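S.K.: Before we start, here is the structure in question, set down as structure tokens.
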Amino acid sequence: MDGEAFVVKLYGLPFNITNIASGLVAFIIVAIVVIALSRQLSMKPTGKQNVLEWLIDFTNGIVKSAMPGEEGKKFNLLAFTLFLFIFVSNQLGLFLQIGFGDKTLIKSPTSSPLTTLTFAFLVILLSHFMGVIQLGFKGYLKNSYLSPVAMFIPINLIEEFTNLLTLALRLYGNIYAGEVLLTLIGGAVSMGPVMTVVALPVEMIWQGFSLFIGSIQAYVFVTLSMVYIGGKVQKE
């Protein structure tokens with residue numbers, strides 16, 4: 001399914017209902033999973049608690065690799081939440097796509113550049129904000145733009161822009177391409193019994209590969225986010 005997004009205008013402003021609804025579904029899934037895994041916690045974890053603690057240790061490891069110092073601990077919850085939400089958002093379109101006519105209502109939120117650019121912009125904005133909080137405004141300017149020497153200011157400014165674009169477009173490109181290919185493979189099923197026999201196993205293989213790609217992209221996004229934040233809050 002690769003239809004157009006539902007867009008409504010309110011007081012002249014366009015609102016992408018597809019992105020809003022898809023993001024809400026991803027949020028609900030994450031909330032249900034975390035609540036289910038965190039019920040009846042004990043000092044000796046078993047079963048679902050082990051899964052939750054493994055996820056927490058995994059994302060804490062991402063933060064620690066980017067920010068080994070004490071300042072990194074305050075970003076553990078951010079990394080955990082960001083990883084789960086992006087992971088679910090990447091996989092949503094593999095098992096749930098809802099549309100009406102030529103309009104798509106539910107798909108992977110991260111298959112939209114608006115969603116990934118928003119995520120990337122908020123991460124970059126947070127990194128600058130935390131840099132000012134951690135180092136002070138003068139220390140932030142020196143660490144971010146005057147290091148190692150002042151003549152690198154143009155390069156450092158360009159780097160800020162490219163970090164935003166690469167963080168957003170890498171995620172968007174991988175997820176969007178995966179959904180488009182699944183749509184093409186699904187369309188081959190309607191071309192006759194022979195194509196159905198060929199397309200079904202190919203679709204199953206590609207869904208498995210897309211699951212892997214979606215997991216890797218969630219890991220890459222969170223890792224780079226922590227690296228960018230670490231570059232602002234830690235003195236070089």
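Each chain of the structure tokens is named A, B, ... in the order shown, its residues numbered from 1; ligands are numbered from 1 in display order.
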Excluding Gly214 (chain A) and its own-chain neighbours fewer than 2 positions away, which residues fall within 9 Å of it when counting only C-alpha atoms? Please give them as number ranges by chain.
M.R.: A: 86-91, 171, 174-175, 209-212, 216-219
S.K.: Give me, as number ranges by chain, all polymer residues having an atom no more than 8 Å from Leu169 (chain A), counting only C-alpha atoms and skipping those fewer than 6 positions away in the same chain.
M.R.: A: 113, 116-117
S.K.: DSSP on the backbone: which residues in region 44-223 of chain A end up as strand (DSSP E)? Give the answer as a list in words.
M.R.: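 Strand (DSSP E) members of region 44-223 of chain A, listed: Ile98, Gly99, Phe100, Lys103, Thr104, Leu105 and Ile106 of chain A.
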S.K.: For C-alpha atoms, I'd like the residues from the last selection saved as a PDB file, in the first residue's frame.
M.R.:
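Output file part_5.pdb is given in full below:
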ATOM      1  CA  ILE A  98      -4.701   0.566   6.691  1.00  0.00           C
ATOM      2  CA  GLY A  99      -6.033   2.675   3.864  1.00  0.00           C
ATOM      3  CA  PHE A 100      -9.205   3.797   2.143  1.00  0.00           C
ATOM      4  CA  LYS A 103      -5.399   7.214   0.861  1.00  0.00           C
ATOM      5  CA  THR A 104      -3.221   5.551   3.499  1.00  0.00           C
ATOM      6  CA  LEU A 105      -4.162   5.986   7.156  1.00  0.00           C
ATOM      7  CA  ILE A 106      -1.741   3.690   8.996  1.00  0.00           C
TER       8      ILE A 106
END
S.K.: Which residues are near region 119-136 of chain A? Cut-off 6 Å, only C-alpha atoms, ignore same chain within fewer than 5 positions. Put them as a PDB file with N, CA, C and O atoms, in the first residue's frame.
M.R.:
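Just written: result.pdb:
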ATOM      1  N   LEU A 164      22.006  16.753  10.776  1.00  0.00           N
ATOM      2  CA  LEU A 164      20.543  16.722  10.765  1.00  0.00           C
ATOM      3  C   LEU A 164      20.019  15.934   9.576  1.00  0.00           C
ATOM      4  O   LEU A 164      19.158  15.054   9.728  1.00  0.00           O
ATOM      5  N   LEU A 167      21.026  12.058   9.680  1.00  0.00           N
ATOM      6  CA  LEU A 167      20.295  11.340  10.727  1.00  0.00           C
ATOM      7  C   LEU A 167      18.862  11.053  10.293  1.00  0.00           C
ATOM      8  O   LEU A 167      18.339   9.957  10.521  1.00  0.00           O
ATOM      9  N   ALA A 168      18.235  12.030   9.638  1.00  0.00           N
ATOM     10  CA  ALA A 168      16.845  11.873   9.222  1.00  0.00           C
ATOM     11  C   ALA A 168      16.700  11.029   7.966  1.00  0.00           C
ATOM     12  O   ALA A 168      15.876  10.105   7.907  1.00  0.00           O
ATOM     13  N   ILE A 229      24.837  14.157  20.947  1.00  0.00           N
ATOM     14  CA  ILE A 229      24.620  14.772  22.253  1.00  0.00           C
ATOM     15  C   ILE A 229      25.925  14.773  23.057  1.00  0.00           C
ATOM     16  O   ILE A 229      26.285  15.771  23.680  1.00  0.00           O
ATOM     17  N   LYS A 232      28.330  17.517  22.370  1.00  0.00           N
ATOM     18  CA  LYS A 232      27.983  18.848  22.891  1.00  0.00           C
ATOM     19  C   LYS A 232      28.191  18.960  24.398  1.00  0.00           C
ATOM     20  O   LYS A 232      28.489  20.053  24.899  1.00  0.00           O
ATOM     21  N   VAL A 233      28.006  17.865  25.127  1.00  0.00           N
ATOM     22  CA  VAL A 233      28.070  17.942  26.594  1.00  0.00           C
ATOM     23  C   VAL A 233      29.442  17.575  27.148  1.00  0.00           C
ATOM     24  O   VAL A 233      29.703  17.796  28.327  1.00  0.00           O
TER      25      VAL A 233
END
S.K.: Write out as number ranges by chain the set of residues from region 4-236 of chain A that DSSP, computed on the backbone, places in alpha helix (DSSP H).
M.R.: A: 17-37, 48-66, 76-95, 113-144, 153-188, 193-233
S.K.: Calculate how many Å separate CA of Trp206 (chain A) from CA of Ala26 (chain A), rounding to one decimal.
M.R.: 21.6 Å
S.K.: Tell me which protein, DNA and RNA residues are within 9 Å of Ala36 (chain A), counting only C-alpha atoms, leaving out same-chain ones fewer than 4 positions away, and put them as a ChimeraX atom specification.
M.R.: /A:31-32,48
S.K.: Filtering to N, CA, C and O atoms, could you give me those residues as a PDB file, in the first residue's frame?
M.R.:
ATOM      1  N   ALA A  31       3.769   1.545  24.710  1.00  0.00           N
ATOM      2  CA  ALA A  31       3.251   1.671  26.081  1.00  0.00           C
ATOM      3  C   ALA A  31       2.736   0.328  26.588  1.00  0.00           C
ATOM      4  O   ALA A  31       3.028  -0.064  27.733  1.00  0.00           O
ATOM      5  N   ILE A  32       1.995  -0.395  25.751  1.00  0.00           N
ATOM      6  CA  ILE A  32       1.451  -1.692  26.166  1.00  0.00           C
ATOM      7  C   ILE A  32       2.577  -2.685  26.447  1.00  0.00           C
ATOM      8  O   ILE A  32       2.552  -3.416  27.453  1.00  0.00           O
ATOM      9  N   LYS A  48       9.603 -12.242  31.440  1.00  0.00           N
ATOM     10  CA  LYS A  48       9.423 -10.942  30.778  1.00  0.00           C
ATOM     11  C   LYS A  48      10.260  -9.849  31.425  1.00  0.00           C
ATOM     12  O   LYS A  48      10.682  -8.906  30.741  1.00  0.00           O
TER      13      LYS A  48
END
S.K.: For each of A:Ile205, A:Met226, A:Ala79, A:Leu94, take the minimum atom-to-atom distance to Thr183 (chain A), counting only C-alpha atoms, then give the residue where this is smallest.
M.R.: A:Leu94
S.K.: Taking 3 positions as the minimum chain separation for residues in the same chain, which residues sit within 12 Å of Leu157 (chain A) when counting only C-alpha atoms? Answer as a PDB file with C-alpha atoms, in the first residue's frame.
M.R.:
ATOM      1  CA  LEU A 141      30.437  27.937  21.838  1.00  0.00           C
ATOM      2  CA  SER A 144      31.104  23.239  19.483  1.00  0.00           C
ATOM      3  CA  TYR A 145      32.436  25.842  17.054  1.00  0.00           C
ATOM      4  CA  LEU A 146      35.862  27.135  18.121  1.00  0.00           C
ATOM      5  CA  SER A 147      37.461  23.739  18.636  1.00  0.00           C
ATOM      6  CA  ALA A 150      38.408  29.255  15.350  1.00  0.00           C
ATOM      7  CA  MET A 151      39.052  28.951  11.610  1.00  0.00           C
ATOM      8  CA  PHE A 152      36.990  25.744  11.612  1.00  0.00           C
ATOM      9  CA  ILE A 153      33.749  27.661  12.318  1.00  0.00           C
ATOM     10  CA  PRO A 154      32.398  27.309   8.714  1.00  0.00           C
ATOM     11  CA  GLU A 160      25.517  20.692  12.113  1.00  0.00           C
ATOM     12  CA  PHE A 161      23.358  20.830   8.977  1.00  0.00           C
ATOM     13  CA  THR A 162      24.702  17.585   7.518  1.00  0.00           C
ATOM     14  CA  ASN A 163      24.228  15.787  10.854  1.00  0.00           C
ATOM     15  CA  LEU A 164      20.543  16.722  10.765  1.00  0.00           C
TER      16      LEU A 164
END
S.K.: Please, what distance in Å, to one decimal, runs between CA of Glu203 (chain A) and CA of Gly186 (chain A)?
M.R.: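 Atom-to-atom, CA of Glu203 (chain A) to CA of Gly186 (chain A), that is 7.3 Å.
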S.K.: I'd like the contact shell of Asn60 (chain A) - 10 Å cut-off, only C-alpha atoms, skipping same-chain residues fewer than 5 positions apart - returned as a list in words.
M.R.: Trp54, Leu55, Ser65, Gly72, Lys73, Phe75, Asn76, Leu77, Leu78, Ala79 and Phe80 of chain A
S.K.: To one decimal in Å, tell me the separation between CA of Ile213 (chain A) and CA of Gly178 (chain A).
M.R.: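 CA of Gly178 (chain A) lies 8.7 Å from CA of Ile213 (chain A).
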S.K.: Please identify all polymer residues within 12 Å of Met43 (chain A), counting only C-alpha atoms, omitting same-chain residues fewer than 6 positions from it, and present them as an MDAnalysis selection string.
M.R.: chainID A and resid 49:50 53
S.K.: Store the residues picked out above, limited to all heavy atoms, as a PDB file, in the first residue's frame.
M.R.:
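The result, stored in result.pdb:
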ATOM      1  N   GLN A  49      10.532  -9.951  32.731  1.00  0.00           N
ATOM      2  CA  GLN A  49      11.383  -8.942  33.369  1.00  0.00           C
ATOM      3  C   GLN A  49      12.801  -9.011  32.828  1.00  0.00           C
ATOM      4  O   GLN A  49      13.487  -7.999  32.708  1.00  0.00           O
ATOM      5  CB  GLN A  49      11.384  -9.125  34.889  1.00  0.00           C
ATOM      6  CG  GLN A  49      12.131  -8.008  35.619  1.00  0.00           C
ATOM      7  CD  GLN A  49      12.057  -8.137  37.121  1.00  0.00           C
ATOM      8  OE1 GLN A  49      11.165  -8.796  37.654  1.00  0.00           O
ATOM      9  NE2 GLN A  49      12.993  -7.506  37.818  1.00  0.00           N
ATOM     10  N   ASN A  50      13.254 -10.217  32.507  1.00  0.00           N
ATOM     11  CA  ASN A  50      14.583 -10.365  31.888  1.00  0.00           C
ATOM     12  C   ASN A  50      14.647  -9.644  30.558  1.00  0.00           C
ATOM     13  O   ASN A  50      15.673  -9.038  30.213  1.00  0.00           O
ATOM     14  CB  ASN A  50      14.913 -11.852  31.693  1.00  0.00           C
ATOM     15  CG  ASN A  50      15.420 -12.502  32.959  1.00  0.00           C
ATOM     16  OD1 ASN A  50      16.081 -11.868  33.771  1.00  0.00           O
ATOM     17  ND2 ASN A  50      15.114 -13.776  33.143  1.00  0.00           N
ATOM     18  N   GLU A  53      14.875  -5.867  31.262  1.00  0.00           N
ATOM     19  CA  GLU A  53      16.188  -5.492  31.776  1.00  0.00           C
ATOM     20  C   GLU A  53      17.256  -5.626  30.696  1.00  0.00           C
ATOM     21  O   GLU A  53      18.209  -4.836  30.665  1.00  0.00           O
ATOM     22  CB  GLU A  53      16.535  -6.343  32.998  1.00  0.00           C
ATOM     23  CG  GLU A  53      15.645  -6.058  34.196  1.00  0.00           C
ATOM     24  CD  GLU A  53      16.168  -6.690  35.471  1.00  0.00           C
ATOM     25  OE1 GLU A  53      17.283  -7.256  35.463  1.00  0.00           O
ATOM     26  OE2 GLU A  53      15.458  -6.612  36.500  1.00  0.00           O
TER      27      GLU A  53
END
S.K.: Using only C-alpha atoms, which of the listed residues (A:Ile155, A:Gly139, A:Ser215, A:Tyr176) sits closest to Lys235 (chain A)?
M.R.: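 Nearest candidate to Lys235 (chain A) out of A:Ile155, A:Gly139, A:Ser215, A:Tyr176: A:Gly139.
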